[in-house]
>>> print(open('final-v9.pdb').read())   # PDB, C-alpha atoms and all ligand atoms
ATOM      1  CA  MET A 288     -39.160  57.266  12.786
ATOM      2  CA  GLU A 289     -40.577  58.305  16.170
ATOM      3  CA  GLY A 290     -38.649  59.806  19.058
ATOM      4  CA  GLN A 291     -39.414  56.922  21.422
ATOM      5  CA  ASN A 292     -38.247  53.368  20.884
ATOM      6  CA  ARG A 293     -40.506  51.449  23.227
ATOM      7  CA  PHE A 294     -40.722  48.275  21.144
ATOM      8  CA  SER A 295     -37.160  47.657  20.067
ATOM      9  CA  GLY A 296     -36.623  43.883  19.785
ATOM     10  CA  ARG A 297     -40.315  43.123  20.346
ATOM     11  CA  VAL A 298     -42.364  40.903  18.065
ATOM     12  CA  SER A 299     -46.009  41.886  17.683
ATOM     13  CA  ILE A 300     -49.141  40.606  15.987
ATOM     14  CA  VAL A 301     -51.989  43.002  15.180
ATOM     15  CA  THR A 302     -55.268  41.656  13.804
ATOM     16  CA  GLY A 303     -57.485  43.753  11.558
ATOM     17  CA  ALA A 304     -54.328  45.675  10.623
ATOM     18  CA  GLY A 305     -55.410  46.521   7.085
ATOM     19  CA  SER A 306     -57.454  49.538   8.149
ATOM     20  CA  GLY A 307     -58.323  52.054  10.857
ATOM     21  CA  ILE A 308     -57.134  51.443  14.412
ATOM     22  CA  GLY A 309     -55.246  48.231  13.589
ATOM     23  CA  ALA A 310     -53.293  49.825  10.733
ATOM     24  CA  GLU A 311     -52.370  52.805  12.891
ATOM     25  CA  THR A 312     -51.293  50.538  15.763
ATOM     26  CA  ALA A 313     -49.086  48.539  13.393
ATOM     27  CA  ARG A 314     -47.515  51.763  12.061
ATOM     28  CA  LEU A 315     -46.861  53.023  15.584
ATOM     29  CA  PHE A 316     -45.365  49.718  16.792
ATOM     30  CA  ALA A 317     -43.101  49.487  13.740
ATOM     31  CA  SER A 318     -42.020  53.114  14.049
ATOM     32  CA  GLU A 319     -40.821  52.310  17.557
ATOM     33  CA  GLY A 320     -38.822  49.230  16.666
ATOM     34  CA  ALA A 321     -41.258  46.284  16.771
ATOM     35  CA  ALA A 322     -41.417  43.603  14.118
ATOM     36  CA  VAL A 323     -45.100  43.515  13.189
ATOM     37  CA  THR A 324     -47.207  40.738  11.690
ATOM     38  CA  LEU A 325     -50.267  42.422  10.215
ATOM     39  CA  VAL A 326     -53.220  40.054  10.019
ATOM     40  CA  ASP A 327     -56.246  40.851   7.878
ATOM     41  CA  ILE A 328     -58.705  39.192   5.529
ATOM     42  CA  ASP A 329     -58.363  42.061   3.026
ATOM     43  CA  ARG A 330     -55.195  41.333   1.069
ATOM     44  CA  SER A 331     -54.811  44.598  -0.814
ATOM     45  CA  ALA A 332     -55.499  46.722   2.278
ATOM     46  CA  VAL A 333     -53.015  44.922   4.494
ATOM     47  CA  GLU A 334     -50.343  44.715   1.804
ATOM     48  CA  THR A 335     -50.637  48.484   1.300
ATOM     49  CA  VAL A 336     -50.025  49.123   5.011
ATOM     50  CA  VAL A 337     -47.076  46.712   5.039
ATOM     51  CA  ALA A 338     -45.550  48.458   2.015
ATOM     52  CA  GLU A 339     -45.885  51.816   3.789
ATOM     53  CA  ILE A 340     -44.235  50.519   6.959
ATOM     54  CA  THR A 341     -41.434  48.856   5.035
ATOM     55  CA  ALA A 342     -40.820  51.996   2.983
ATOM     56  CA  ALA A 343     -40.480  53.943   6.251
ATOM     57  CA  GLY A 344     -37.784  51.490   7.401
ATOM     58  CA  GLY A 345     -39.986  49.296   9.623
ATOM     59  CA  GLN A 346     -40.197  45.510   9.834
ATOM     60  CA  ALA A 347     -43.605  44.208   8.789
ATOM     61  CA  VAL A 348     -45.197  41.154   7.212
ATOM     62  CA  ALA A 349     -48.752  40.724   5.922
ATOM     63  CA  VAL A 350     -50.664  37.564   6.745
ATOM     64  CA  ILE A 351     -53.948  37.024   4.978
ATOM     65  CA  CYS A 352     -56.159  35.266   7.482
ATOM     66  CA  ASP A 353     -59.809  34.959   8.367
ATOM     67  CA  VAL A 354     -59.608  35.389  12.137
ATOM     68  CA  ARG A 355     -62.591  33.045  12.575
ATOM     69  CA  ASP A 356     -60.632  30.056  11.303
ATOM     70  CA  PRO A 357     -58.611  28.222  14.003
ATOM     71  CA  ASP A 358     -56.148  26.690  11.503
ATOM     72  CA  GLN A 359     -55.470  30.039   9.833
ATOM     73  CA  VAL A 360     -54.979  31.651  13.257
ATOM     74  CA  ASP A 361     -52.518  28.942  14.346
ATOM     75  CA  ARG A 362     -50.605  29.334  11.081
ATOM     76  CA  ALA A 363     -50.477  33.131  11.470
ATOM     77  CA  VAL A 364     -48.996  32.842  14.973
ATOM     78  CA  ALA A 365     -46.607  30.007  14.066
ATOM     79  CA  GLY A 366     -45.392  32.032  11.065
ATOM     80  CA  ALA A 367     -44.699  35.104  13.215
ATOM     81  CA  VAL A 368     -42.821  33.016  15.798
ATOM     82  CA  GLU A 369     -40.774  31.261  13.126
ATOM     83  CA  ARG A 370     -39.960  34.454  11.250
ATOM     84  CA  PHE A 371     -39.165  36.715  14.185
ATOM     85  CA  GLY A 372     -38.195  34.237  16.924
ATOM     86  CA  GLY A 373     -41.105  34.680  19.341
ATOM     87  CA  VAL A 374     -44.138  36.806  20.091
ATOM     88  CA  HIS A 375     -44.295  39.489  22.774
ATOM     89  CA  ILE A 376     -47.369  41.535  21.885
ATOM     90  CA  LEU A 377     -50.794  40.535  20.561
ATOM     91  CA  VAL A 378     -53.485  43.071  19.683
ATOM     92  CA  ASN A 379     -56.892  41.455  19.134
ATOM     93  CA  ASN A 380     -58.410  44.209  17.047
ATOM     94  CA  ALA A 381     -60.199  42.739  13.990
ATOM     95  CA  GLY A 382     -63.860  43.538  14.228
ATOM     96  CA  VAL A 383     -67.138  44.215  12.500
ATOM     97  CA  MET A 384     -70.328  45.913  13.586
ATOM     98  CA  GLN A 385     -73.880  45.092  12.689
ATOM     99  CA  GLU A 386     -76.786  47.243  13.763
ATOM    100  CA  ALA A 387     -79.980  45.193  14.023
ATOM    101  CA  THR A 388     -82.646  44.801  16.680
ATOM    102  CA  ILE A 389     -83.322  41.454  18.322
ATOM    103  CA  GLU A 390     -86.374  40.916  16.041
ATOM    104  CA  GLN A 391     -84.281  41.588  12.949
ATOM    105  CA  ILE A 392     -81.022  39.818  13.655
ATOM    106  CA  SER A 393     -80.593  36.222  12.524
ATOM    107  CA  LEU A 394     -78.628  33.616  14.435
ATOM    108  CA  ASP A 395     -76.116  33.520  11.562
ATOM    109  CA  ASP A 396     -75.510  37.249  11.788
ATOM    110  CA  PHE A 397     -75.225  37.170  15.566
ATOM    111  CA  THR A 398     -72.754  34.285  15.346
ATOM    112  CA  ARG A 399     -70.744  36.021  12.591
ATOM    113  CA  VAL A 400     -70.198  39.142  14.732
ATOM    114  CA  MET A 401     -69.383  37.057  17.808
ATOM    115  CA  SER A 402     -66.868  34.918  15.959
ATOM    116  CA  ILE A 403     -65.056  37.773  14.181
ATOM    117  CA  ASN A 404     -64.925  39.996  17.273
ATOM    118  CA  LEU A 405     -64.750  37.635  20.243
ATOM    119  CA  THR A 406     -63.926  34.042  19.252
ATOM    120  CA  SER A 407     -60.976  35.341  17.218
ATOM    121  CA  ALA A 408     -59.584  37.019  20.350
ATOM    122  CA  PHE A 409     -59.897  33.685  22.165
ATOM    123  CA  LEU A 410     -58.196  31.817  19.300
ATOM    124  CA  PHE A 411     -55.267  34.235  18.990
ATOM    125  CA  SER A 412     -54.805  34.445  22.770
ATOM    126  CA  LYS A 413     -54.781  30.638  22.961
ATOM    127  CA  ALA A 414     -52.258  30.437  20.123
ATOM    128  CA  VAL A 415     -49.796  32.911  21.727
ATOM    129  CA  GLU A 416     -50.110  32.084  25.418
ATOM    130  CA  GLY A 417     -47.702  29.116  25.395
ATOM    131  CA  HIS A 418     -44.970  31.214  23.748
ATOM    132  CA  MET A 419     -45.568  34.092  26.137
ATOM    133  CA  ARG A 420     -45.592  31.852  29.210
ATOM    134  CA  ALA A 421     -42.338  30.182  28.138
ATOM    135  CA  GLN A 422     -40.599  33.566  27.877
ATOM    136  CA  ARG A 423     -42.399  34.871  30.993
ATOM    137  CA  TYR A 424     -43.360  38.035  29.168
ATOM    138  CA  GLY A 425     -46.326  39.105  27.111
ATOM    139  CA  LYS A 426     -48.831  41.860  26.421
ATOM    140  CA  ILE A 427     -52.295  41.140  25.103
ATOM    141  CA  VAL A 428     -54.580  44.049  24.255
ATOM    142  CA  MET A 429     -58.203  43.726  23.113
ATOM    143  CA  THR A 430     -59.930  46.436  21.116
ATOM    144  CA  SER A 431     -63.279  46.357  22.867
ATOM    145  CA  SER A 432     -65.702  49.275  22.572
ATOM    146  CA  ARG A 433     -67.863  51.550  24.664
ATOM    147  CA  GLY A 434     -70.576  49.658  22.768
ATOM    148  CA  MET A 435     -69.967  46.881  25.329
ATOM    149  CA  LEU A 436     -72.373  48.760  27.586
ATOM    150  CA  GLY A 437     -75.201  48.051  25.161
ATOM    151  CA  ALA A 438     -77.447  50.255  23.036
ATOM    152  CA  PRO A 439     -80.478  49.598  20.818
ATOM    153  CA  GLY A 440     -79.514  47.466  17.819
ATOM    154  CA  TYR A 441     -76.263  46.336  19.427
ATOM    155  CA  SER A 442     -77.067  42.863  20.744
ATOM    156  CA  SER A 443     -74.322  41.176  18.725
ATOM    157  CA  TYR A 444     -71.745  43.964  18.945
ATOM    158  CA  ALA A 445     -72.303  44.666  22.661
ATOM    159  CA  SER A 446     -72.159  40.950  23.495
ATOM    160  CA  SER A 447     -68.908  40.525  21.599
ATOM    161  CA  LYS A 448     -67.260  43.626  23.049
ATOM    162  CA  ALA A 449     -68.361  42.896  26.634
ATOM    163  CA  GLY A 450     -67.106  39.356  26.035
ATOM    164  CA  MET A 451     -63.662  40.673  25.101
ATOM    165  CA  VAL A 452     -63.450  42.532  28.418
ATOM    166  CA  GLY A 453     -64.510  39.382  30.270
ATOM    167  CA  LEU A 454     -61.946  37.347  28.350
ATOM    168  CA  ALA A 455     -59.221  39.872  29.204
ATOM    169  CA  GLY A 456     -60.230  39.778  32.876
ATOM    170  CA  ALA A 457     -60.007  35.973  32.994
ATOM    171  CA  LEU A 458     -56.709  35.826  31.100
ATOM    172  CA  ALA A 459     -55.239  38.563  33.306
ATOM    173  CA  TRP A 460     -55.619  36.128  36.226
ATOM    174  CA  GLU A 461     -54.526  33.017  34.363
ATOM    175  CA  LEU A 462     -51.494  34.556  32.676
ATOM    176  CA  GLY A 463     -50.508  37.241  35.217
ATOM    177  CA  PRO A 464     -48.253  34.853  37.164
ATOM    178  CA  TYR A 465     -46.139  34.498  33.993
ATOM    179  CA  GLY A 466     -45.582  38.233  33.562
ATOM    180  CA  ILE A 467     -48.293  38.588  30.929
ATOM    181  CA  ASN A 468     -50.576  41.640  31.034
ATOM    182  CA  VAL A 469     -54.020  41.444  29.433
ATOM    183  CA  ASN A 470     -56.045  44.630  28.992
ATOM    184  CA  SER A 471     -58.696  46.198  26.799
ATOM    185  CA  VAL A 472     -59.187  49.563  25.228
ATOM    186  CA  ALA A 473     -62.797  50.667  24.791
ATOM    187  CA  PRO A 474     -63.178  53.515  22.277
ATOM    188  CA  GLY A 475     -66.290  55.526  21.508
ATOM    189  CA  HIS A 476     -66.577  56.819  17.951
ATOM    190  CA  VAL A 477     -63.335  56.841  15.970
ATOM    191  CA  THR A 478     -62.741  58.280  12.495
ATOM    192  CA  THR A 479     -62.335  54.973  10.626
ATOM    193  CA  PRO A 480     -64.046  53.183   7.712
ATOM    194  CA  LEU A 481     -66.165  51.281  10.285
ATOM    195  CA  THR A 482     -67.772  54.555  11.412
ATOM    196  CA  GLU A 483     -68.208  55.669   7.797
ATOM    197  CA  GLU A 484     -69.963  52.388   7.006
ATOM    198  CA  LEU A 485     -72.261  52.904   9.995
ATOM    199  CA  ALA A 486     -73.180  56.403   8.781
ATOM    200  CA  VAL A 487     -74.018  55.105   5.310
ATOM    201  CA  LYS A 488     -76.128  52.254   6.724
ATOM    202  CA  ARG A 489     -78.065  54.757   8.850
ATOM    203  CA  GLY A 490     -78.748  56.771   5.708
ATOM    204  CA  GLY A 491     -76.773  59.794   6.885
ATOM    205  CA  SER A 492     -73.384  61.233   6.121
ATOM    206  CA  TYR A 493     -70.139  60.660   7.904
ATOM    207  CA  GLU A 494     -69.899  64.346   8.834
ATOM    208  CA  ASP A 495     -73.369  64.160  10.482
ATOM    209  CA  ILE A 496     -72.450  61.182  12.614
ATOM    210  CA  ARG A 497     -69.128  62.801  13.508
ATOM    211  CA  ALA A 498     -70.746  66.109  14.509
ATOM    212  CA  THR A 499     -73.451  64.393  16.561
ATOM    213  CA  ALA A 500     -70.949  62.150  18.320
ATOM    214  CA  ALA A 501     -68.592  65.078  18.975
ATOM    215  CA  SER A 502     -71.429  67.167  20.447
ATOM    216  CA  ARG A 503     -71.995  64.467  23.083
ATOM    217  CA  ILE A 504     -68.455  64.269  24.465
ATOM    218  CA  ALA A 505     -66.287  66.525  26.593
ATOM    219  CA  LEU A 506     -63.498  66.821  24.000
ATOM    220  CA  PRO A 507     -63.842  68.885  20.786
ATOM    221  CA  ASP A 508     -63.841  66.039  18.228
ATOM    222  CA  ILE A 509     -64.150  62.260  18.073
ATOM    223  CA  ALA A 510     -60.994  60.150  18.282
ATOM    224  CA  SER A 511     -58.590  59.494  15.437
ATOM    225  CA  PRO A 512     -57.126  55.994  14.944
ATOM    226  CA  ARG A 513     -53.849  57.397  16.279
ATOM    227  CA  ASP A 514     -55.535  58.446  19.545
ATOM    228  CA  ILE A 515     -56.560  54.835  20.145
ATOM    229  CA  ALA A 516     -53.267  53.374  18.870
ATOM    230  CA  GLU A 517     -51.415  55.485  21.466
ATOM    231  CA  VAL A 518     -53.427  53.906  24.301
ATOM    232  CA  ILE A 519     -52.908  50.421  22.863
ATOM    233  CA  ALA A 520     -49.169  51.173  22.596
ATOM    234  CA  PHE A 521     -49.072  52.265  26.236
ATOM    235  CA  LEU A 522     -50.792  49.025  27.296
ATOM    236  CA  ALA A 523     -48.357  47.039  25.130
ATOM    237  CA  SER A 524     -45.325  48.838  26.569
ATOM    238  CA  ASP A 525     -43.237  48.184  29.659
ATOM    239  CA  ALA A 526     -44.619  51.402  31.158
ATOM    240  CA  ALA A 527     -47.866  49.463  31.746
ATOM    241  CA  ARG A 528     -46.087  46.707  33.706
ATOM    242  CA  PHE A 529     -48.523  47.024  36.611
ATOM    243  CA  VAL A 530     -51.719  47.460  34.604
ATOM    244  CA  THR A 531     -53.685  44.292  33.976
ATOM    245  CA  GLY A 532     -57.306  43.206  33.635
ATOM    246  CA  GLN A 533     -58.366  46.787  32.889
ATOM    247  CA  ALA A 534     -60.698  48.197  30.244
ATOM    248  CA  ILE A 535     -59.620  51.747  29.439
ATOM    249  CA  LEU A 536     -62.458  53.887  28.124
ATOM    250  CA  THR A 537     -61.088  56.110  25.354
ATOM    251  CA  THR A 538     -64.316  57.897  24.606
ATOM    252  CA  GLY A 539     -63.656  61.609  25.170
ATOM    253  CA  ARG A 540     -66.061  61.386  28.154
ATOM    254  CA  PRO A 541     -69.606  61.311  26.808
ATOM    255  CA  MET A 542     -72.571  62.489  28.866
ATOM    256  CA  GLN A 543     -74.209  59.532  30.599
TER     257      GLN A 543
HETATM  258  N1  LIG B 601     -64.352  52.915  14.604
HETATM  259  C1  LIG B 601     -64.944  53.016  15.783
HETATM  260  O1  LIG B 601     -65.670  53.985  16.046
HETATM  261  C2  LIG B 601     -64.726  51.975  16.844
HETATM  262  C3  LIG B 601     -65.188  52.237  18.134
HETATM  263  C4  LIG B 601     -65.006  51.283  19.129
HETATM  264  C5  LIG B 601     -64.365  50.088  18.828
HETATM  265  N2  LIG B 601     -63.940  49.853  17.583
HETATM  266  C6  LIG B 601     -63.299  48.554  17.333
HETATM  267  O2  LIG B 601     -61.996  48.760  16.845
HETATM  268  C7  LIG B 601     -61.623  47.661  16.006
HETATM  269  C8  LIG B 601     -61.080  48.205  14.705
HETATM  270  O3  LIG B 601     -62.110  48.973  14.111
HETATM  271  P1  LIG B 601     -61.858  50.045  12.967
HETATM  272  O4  LIG B 601     -62.784  51.138  13.227
HETATM  273  O5  LIG B 601     -60.414  50.298  12.796
HETATM  274  O6  LIG B 601     -62.470  49.198  11.743
HETATM  275  P2  LIG B 601     -62.040  49.027  10.221
HETATM  276  O7  LIG B 601     -63.267  48.529   9.549
HETATM  277  O8  LIG B 601     -61.361  50.243   9.729
HETATM  278  O9  LIG B 601     -60.958  47.845  10.314
HETATM  279  C9  LIG B 601     -61.287  46.537  10.690
HETATM  280  C10 LIG B 601     -60.380  45.559   9.966
HETATM  281  O10 LIG B 601     -60.750  44.230  10.361
HETATM  282  C11 LIG B 601     -60.649  43.404   9.224
HETATM  283  N3  LIG B 601     -61.489  42.211   9.350
HETATM  284  C12 LIG B 601     -62.847  42.140   9.372
HETATM  285  N4  LIG B 601     -63.247  40.864   9.406
HETATM  286  C13 LIG B 601     -62.129  40.097   9.431
HETATM  287  C14 LIG B 601     -61.885  38.698   9.458
HETATM  288  N5  LIG B 601     -62.892  37.816   9.468
HETATM  289  N6  LIG B 601     -60.601  38.261   9.458
HETATM  290  C15 LIG B 601     -59.574  39.143   9.432
HETATM  291  N7  LIG B 601     -59.737  40.484   9.396
HETATM  292  C16 LIG B 601     -61.004  40.947   9.385
HETATM  293  C17 LIG B 601     -61.140  44.277   8.081
HETATM  294  O11 LIG B 601     -60.725  43.784   6.830
HETATM  295  C18 LIG B 601     -60.524  45.629   8.439
HETATM  296  O12 LIG B 601     -59.254  45.804   7.833
HETATM  297  C19 LIG B 601     -62.880  46.804  15.843
HETATM  298  O13 LIG B 601     -62.801  45.693  16.697
HETATM  299  C20 LIG B 601     -64.003  47.725  16.266
HETATM  300  O14 LIG B 601     -65.097  47.040  16.776
HETATM  301  C21 LIG B 601     -64.083  50.762  16.576
END
>>> encode(input="final-v9.pdb", output="structure tokens")
Amino acid sequence: MEGQNRFSGRVSIVTGAGSGIGAETARLFASEGAAVTLVDIDRSAVETVVAEITAAGGQAVAVICDVRDPDQVDRAVAGAVERFGGVHILVNNAGVMQEATIEQISLDDFTRVMSINLTSAFLFSKAVEGHMRAQRYGKIVMTSSRGMLGAPGYSSYASSKAGMVGLAGALAWELGPYGINVNSVAPGHVTTPLTEELAVKRGGSYEDIRATAASRIALPDIASPRDIAEVIAFLASDAARFVTGQAILTTGRPMQ
């Protein structure tokens, strides 16, 4: 287990925890004492991460849930509260990316990306806020993206990720009086299956996309899931007591 113990006694929910950034965040939370509910649509992926955490001595439960479905979201949150006695930390991280220009993208595809990335963050935030307000403590972190700034082929992704930052800004005001912090992390490229999928769809290799992305930033390589999980953990910790309504760019400082 880790040297720090920032989340002892805390109950957390991480969406999209079967892979990449979400899985690493769940591992980090659990290694520092949090009980973690790992939410994902991919049963085998999320159960594998839970088994790993449990084998390392952590407290973790898998919940199979499509984050678009309000009833499934409510059940996931109610289950975490019942099992662990409350909820202190929510990480809205589940997400998908679709590259398509405005001529190519269908309304269904646009809506799918918006509902997995943004509406889910609304649903989970709505499901936890009453519990957090009652205990006058809570941390909500959104995994947005530098993609929120917009780029060709990103109408759905950019809209959803900019929307998450807007949602966090609004909730920071609404929930701040109850001791609830709401922030976003906005990564550039990260070494996860999502980036691999993007490389394949573009007809290139993962190493190409990684080298190109790395050549455009100040730091020597693109981020690992752990790099992003560390920033999420900071925002979810008591050390970030006075940080709210912020979107932290974790990009390695690309050229503009
Ligand atoms: N990888 C990057 O370069 C990068 C950069 C910026 C932001 N992000 C954001 O970080 C977040 C995590 O991305 P990642 O790279 O770890 O991706 P990933 O593909 O490795 O993991 C995403 C997880 O979300 C789950 N998921 C997808 N649809 C779901 C649904 N309907 N219900 C429940 N779970 C669902 C998937 O099963 C998967 O386990 C995403 O929101 C993504 O947009 C990623």
>>> residues_around(input="final-v9.pdb", residues="segment 304-318 of chain A", least_positions_apart="3", cutoff="6 Å", atoms="all atoms listed in the file", output="PyMOL selection string")
chain A and resi 288-289+301+321+325-327+332-333+345+479+512-513+516
>>> residues_around(input="final-v9.pdb", residues="segment 384-401 of chain A", least_positions_apart="2", cutoff="10 Å", atoms="all atoms listed in the file", output="JSON list (two decimals) with C-alpha atoms, in the coordinates of the input")
[["chain", "number", "residue", "atom", "x", "y", "z"],
["A", 355, "ARG", "CA", -62.59, 33.04, 12.58],
["A", 382, "GLY", "CA", -63.86, 43.54, 14.23],
["A", 403, "ILE", "CA", -65.06, 37.77, 14.18],
["A", 404, "ASN", "CA", -64.92, 40.00, 17.27],
["A", 405, "LEU", "CA", -64.75, 37.64, 20.24],
["A", 406, "THR", "CA", -63.93, 34.04, 19.25],
["A", 407, "SER", "CA", -60.98, 35.34, 17.22],
["A", 434, "GLY", "CA", -70.58, 49.66, 22.77],
["A", 438, "ALA", "CA", -77.45, 50.26, 23.04],
["A", 439, "PRO", "CA", -80.48, 49.60, 20.82],
["A", 440, "GLY", "CA", -79.51, 47.47, 17.82],
["A", 441, "TYR", "CA", -76.26, 46.34, 19.43],
["A", 442, "SER", "CA", -77.07, 42.86, 20.74],
["A", 443, "SER", "CA", -74.32, 41.18, 18.73],
["A", 444, "TYR", "CA", -71.74, 43.96, 18.94],
["A", 445, "ALA", "CA", -72.30, 44.67, 22.66],
["A", 446, "SER", "CA", -72.16, 40.95, 23.50],
["A", 447, "SER", "CA", -68.91, 40.52, 21.60],
["A", 448, "LYS", "CA", -67.26, 43.63, 23.05],
["A", 450, "GLY", "CA", -67.11, 39.36, 26.04],
["A", 451, "MET", "CA", -63.66, 40.67, 25.10],
["A", 481, "LEU", "CA", -66.17, 51.28, 10.28],
["A", 482, "THR", "CA", -67.77, 54.56, 11.41],
["A", 484, "GLU", "CA", -69.96, 52.39, 7.01],
["A", 485, "LEU", "CA", -72.26, 52.90, 9.99],
["A", 488, "LYS", "CA", -76.13, 52.25, 6.72],
["A", 489, "ARG", "CA", -78.06, 54.76, 8.85]]
>>> closest_residue(input="final-v9.pdb", among="A:Ala414, A:Leu436, A:Val336, A:Ala473", to="ligand LIG 601 (chain B)", atoms="all atoms listed in the file")
A:Ala473
>>> resolve_selection(input="final-v9.pdb", expression="the PyMOL selection byres (((chain A and resi 356) around 12) and not hetatm)", output="compact mmCIF listing (two decimals) with C-alpha atoms, keeping the file's coordinate frame")
# COMPACT_ATOMS: atom_id res chain seq x y z
CA ILE A 328 -58.70 39.19 5.53
CA ILE A 351 -53.95 37.02 4.98
CA CYS A 352 -56.16 35.27 7.48
CA ASP A 353 -59.81 34.96 8.37
CA VAL A 354 -59.61 35.39 12.14
CA ARG A 355 -62.59 33.04 12.58
CA PRO A 357 -58.61 28.22 14.00
CA ASP A 358 -56.15 26.69 11.50
CA GLN A 359 -55.47 30.04 9.83
CA VAL A 360 -54.98 31.65 13.26
CA ASP A 361 -52.52 28.94 14.35
CA ARG A 362 -50.60 29.33 11.08
CA ALA A 363 -50.48 33.13 11.47
CA ARG A 399 -70.74 36.02 12.59
CA SER A 402 -66.87 34.92 15.96
CA ILE A 403 -65.06 37.77 14.18
CA THR A 406 -63.93 34.04 19.25
CA SER A 407 -60.98 35.34 17.22
CA ALA A 408 -59.58 37.02 20.35
CA PHE A 409 -59.90 33.68 22.16
CA LEU A 410 -58.20 31.82 19.30
CA PHE A 411 -55.27 34.24 18.99
>>> closest_residue(input="final-v9.pdb", among="A:Ala457, A:Ala520, A:Ala421, A:Ala510", to="ligand LIG 601 (chain B)", atoms="all atoms listed in the file")
A:Ala510
>>> axis_aligned_box(input="final-v9.pdb", around="segment 536-540 of chain A", padding_each_side="4 Å", output="AutoDock Vina command-line options")
--center_x -63.6 --center_y 57.7 --center_z 26.4 --size_x 13.0 --size_y 15.7 --size_z 11.5
>>> atom_distance(input="final-v9.pdb", atom1="atom N7 of ligand LIG 601 (chain B)", atom2="atom CA of Gln291 of chain A")
28.8 Å
>>> residues_around(input="final-v9.pdb", residues="Ile376 of chain A", least_positions_apart="4", cutoff="6 Å", atoms="only C-alpha atoms", output="PDB file with C-alpha atoms, in the frame of the given file")
ATOM      1  CA  SER A 299     -46.009  41.886  17.683  1.00  0.00           C
ATOM      2  CA  GLY A 425     -46.326  39.105  27.111  1.00  0.00           C
ATOM      3  CA  LYS A 426     -48.831  41.860  26.421  1.00  0.00           C
ATOM      4  CA  ILE A 427     -52.295  41.140  25.103  1.00  0.00           C
TER       5      ILE A 427
END
>>> residues_around(input="final-v9.pdb", residues="Ala523 of chain A", least_positions_apart="3", cutoff="9 Å", atoms="all atoms listed in the file", output="PDB file with C-alpha atoms, in the frame of the given file")
ATOM      1  CA  PHE A 294     -40.722  48.275  21.144  1.00  0.00           C
ATOM      2  CA  HIS A 375     -44.295  39.489  22.774  1.00  0.00           C
ATOM      3  CA  ILE A 376     -47.369  41.535  21.885  1.00  0.00           C
ATOM      4  CA  LEU A 377     -50.794  40.535  20.561  1.00  0.00           C
ATOM      5  CA  VAL A 378     -53.485  43.071  19.683  1.00  0.00           C
ATOM      6  CA  GLY A 425     -46.326  39.105  27.111  1.00  0.00           C
ATOM      7  CA  LYS A 426     -48.831  41.860  26.421  1.00  0.00           C
ATOM      8  CA  ILE A 427     -52.295  41.140  25.103  1.00  0.00           C
ATOM      9  CA  VAL A 428     -54.580  44.049  24.255  1.00  0.00           C
ATOM     10  CA  ASN A 468     -50.576  41.640  31.034  1.00  0.00           C
ATOM     11  CA  ASN A 470     -56.045  44.630  28.992  1.00  0.00           C
ATOM     12  CA  VAL A 518     -53.427  53.906  24.301  1.00  0.00           C
ATOM     13  CA  ILE A 519     -52.908  50.421  22.863  1.00  0.00           C
ATOM     14  CA  ALA A 520     -49.169  51.173  22.596  1.00  0.00           C
ATOM     15  CA  ALA A 526     -44.619  51.402  31.158  1.00  0.00           C
ATOM     16  CA  ALA A 527     -47.866  49.463  31.746  1.00  0.00           C
ATOM     17  CA  ARG A 528     -46.087  46.707  33.706  1.00  0.00           C
TER      18      ARG A 528
END
>>> closest_residue(input="final-v9.pdb", among="A:Val368, A:Ile340, A:Val472, A:Ala498", to="ligand LIG 601 (chain B)", atoms="all atoms listed in the file")
A:Val472
>>> decode(input="final-v9.pdb", residues="segment 466-487 of chain A", atoms="C-alpha atoms", output="PDB file, in the first residue's frame")
ATOM      1  CA  GLY A 466     -18.474  22.150   1.781  1.00  0.00           C
ATOM      2  CA  ILE A 467     -18.553  20.365  -1.568  1.00  0.00           C
ATOM      3  CA  ASN A 468     -15.762  21.032  -4.079  1.00  0.00           C
ATOM      4  CA  VAL A 469     -16.413  20.454  -7.781  1.00  0.00           C
ATOM      5  CA  ASN A 470     -13.490  20.522 -10.210  1.00  0.00           C
ATOM      6  CA  SER A 471     -12.335  19.116 -13.525  1.00  0.00           C
ATOM      7  CA  VAL A 472      -9.130  17.671 -14.819  1.00  0.00           C
ATOM      8  CA  ALA A 473      -8.445  18.227 -18.515  1.00  0.00           C
ATOM      9  CA  PRO A 474      -5.792  15.857 -19.900  1.00  0.00           C
ATOM     10  CA  GLY A 475      -4.171  15.937 -23.319  1.00  0.00           C
ATOM     11  CA  HIS A 476      -3.107  12.571 -24.715  1.00  0.00           C
ATOM     12  CA  VAL A 477      -2.844   9.769 -22.163  1.00  0.00           C
ATOM     13  CA  THR A 478      -1.537   6.236 -22.714  1.00  0.00           C
ATOM     14  CA  THR A 479      -4.877   4.399 -22.447  1.00  0.00           C
ATOM     15  CA  PRO A 480      -6.993   2.114 -24.665  1.00  0.00           C
ATOM     16  CA  LEU A 481      -8.971   5.214 -25.762  1.00  0.00           C
ATOM     17  CA  THR A 482      -5.833   6.671 -27.375  1.00  0.00           C
ATOM     18  CA  GLU A 483      -4.967   3.296 -28.909  1.00  0.00           C
ATOM     19  CA  GLU A 484      -8.455   3.093 -30.413  1.00  0.00           C
ATOM     20  CA  LEU A 485      -8.030   6.590 -31.853  1.00  0.00           C
ATOM     21  CA  ALA A 486      -4.719   5.602 -33.473  1.00  0.00           C
ATOM     22  CA  VAL A 487      -6.283   2.529 -35.068  1.00  0.00           C
TER      23      VAL A 487
END
